[in-house]
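Down below is the structure, laid out as structure tokens.
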Amino acid sequence: MASSLNRFVSRNAHHRLKQFSVAFPHQVPNPSYDRRCLSTLYAKLDTAPQTIIGSRGSYLQTQNGSWVIDASAGASVVSVGHKDPRVKQAIVDQLDQVAFTYNPFFTTPAVENLAQFLTDSTNGEMSKVFFVSSGTEAVESALKIARQYFTELPTPQLTRTRFIGRKQSYHGNTLGSLATGYHAARRKIYEPILSSNVSHVSPCYAYRDMKPGETDEAYVSRLADELDREFQAVGPETVCAFVAETVSGTSLGCVPPVRGYFKAMKQVCDRYGALLIMDEVMSGMGRCGTLHAWEEEGVVPDLQTVAKGLGSGYLPIGALLVNKRVADTLAQGTGAFVHSQTYQAHPVACAAAYAVQQIMRDDNLLENTRETGTYLSKLLRQRLGGHKNVGDIRGRGLFWAVEFVRDKATKEPFPPGDKLAARIHQTGLKPEHGISVIPASGNINGVDGDLAIISPPLNVTKEEIEVIVDKLDAVLSAVLGK
């Protein structure tokens, strides 16, 4: 049952939505068409998702006039909320100057401003930035520069051609990034064409993988030993880098590393001269309460990837941040990065992203993320923690996951055929609920496991957090019962 406070909040939310609807007085008619004839190649070829015709802040307006609270921020993308006029103005201003330049030939102030902001944000630890159009492209760039680094050392190490990733990880959908990650269901049909130069070790997944009575220190030591053995198994002299998400994304479900984990992994990498690549495409750029999620881990990566929150979804953009020692090695070698893309450092995308980051600063959104994230954690545990099918609630900042189980004591998952995560998502989108969360499955072994990820825009209010938890509670009751 919703509390009186939550009923009050829900009424206020509906009032705000009525106010929002003034901005969209003309409804687009809902055509009756044969969905099998749609031209867009959707994930399910004969099923189109809901059409969105408007947005504001944390809300989306559907074609039929209903409103959905975007508790997923797309796919943990939207950081400064939907339809911020300041970002729109930055885009228009850049279009008035120049829409596109080919970065190997020309640069623009928008590109240089954003790059300088990012390097300054690391206190100069990361000294160069390479802009792309997605997180996947950032990961591909990281893999390539890691290899090039070893070819440009004063004494080149040409045998380094391998990478070590983690199971239940995700780094993108191109062949190189898909091989680096390891989500069994996503890889399955492509296995025959994926590179064989990547091996995988266990993730840091305390809820399921820590042994009874095992301390954090002992668990971290066990994972470090496993990574060390993998270096030995493939040949330490063959490994370019260890690749890991700082806080895991949809393939594992917002799992923060156990304290000391990345320090231990970095020590193993340093022991064998390999690089540490930290993937923050989903968890970075403020999502976890600090601009860079690695700030909480006591390590600085050699290479870092970011994307989603960098541009808040206003335009596609991602970036590779390069540690000074890696950049200096290339500068003292060939003086070039042997990689380029047509739309790298797109002026309009960079202008939009720079405006987003200024809004993050001006509106104190890192502080808001920490405060509302703490509140979200509290409410999730209070309202959902006692549910018979909620096994774990975990996360950091405004990046949280609820893991569902059939049995709390044994942690037995629901059968994959139940498609629980998808049903929770679909139920949430119904007009009577009006909430979007990220459904995820396969977190246990690539097949078993169901999650709902809650990652609202970073300017979400405490009142909206209450609405989100209230709605999610109602959705779980509808799907799983009380």
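Ordering of the structure tokens sets the chain letters (A, B, ...); residue numbers start at 1 within each chain; ligands are numbered from 1 in the order shown.
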**OP:** Using only C-alpha atoms, determine which residues lie at most 9 Å from Lys263 (chain A), disregarding the query and same-chain residues fewer than 6 positions distant; provide the list as a PyMOL selection string.
**Re:** chain A and resi 297-299
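Excluding Asp448 (chain A) itself and any same-chain residue fewer than 5 positions from it, the protein and nucleic acid residues within 10 Å of it, counting only C-alpha atoms, are Ala185, Glu412, Pro413, Phe414, Pro415, Pro416, Gly417, Lys419, Ser441, Gly442 and Asn443 of chain A.
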Subject >> DSSP strand (DSSP E) residues within region 234-431 of chain A, listed as a ChimeraX atom specification >> reply: /A:239-245,275-280,303-306,318-323,390-396,399-404
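CA of Val322 (chain A) is positioned 6.1 Å from CA of Val129 (chain A).
The smallest atom-to-atom distance between Leu398 (chain A) and any of A:Cys288, A:Gln304, A:Leu178, A:Gly386, using only C-alpha atoms, is found for A:Cys288.
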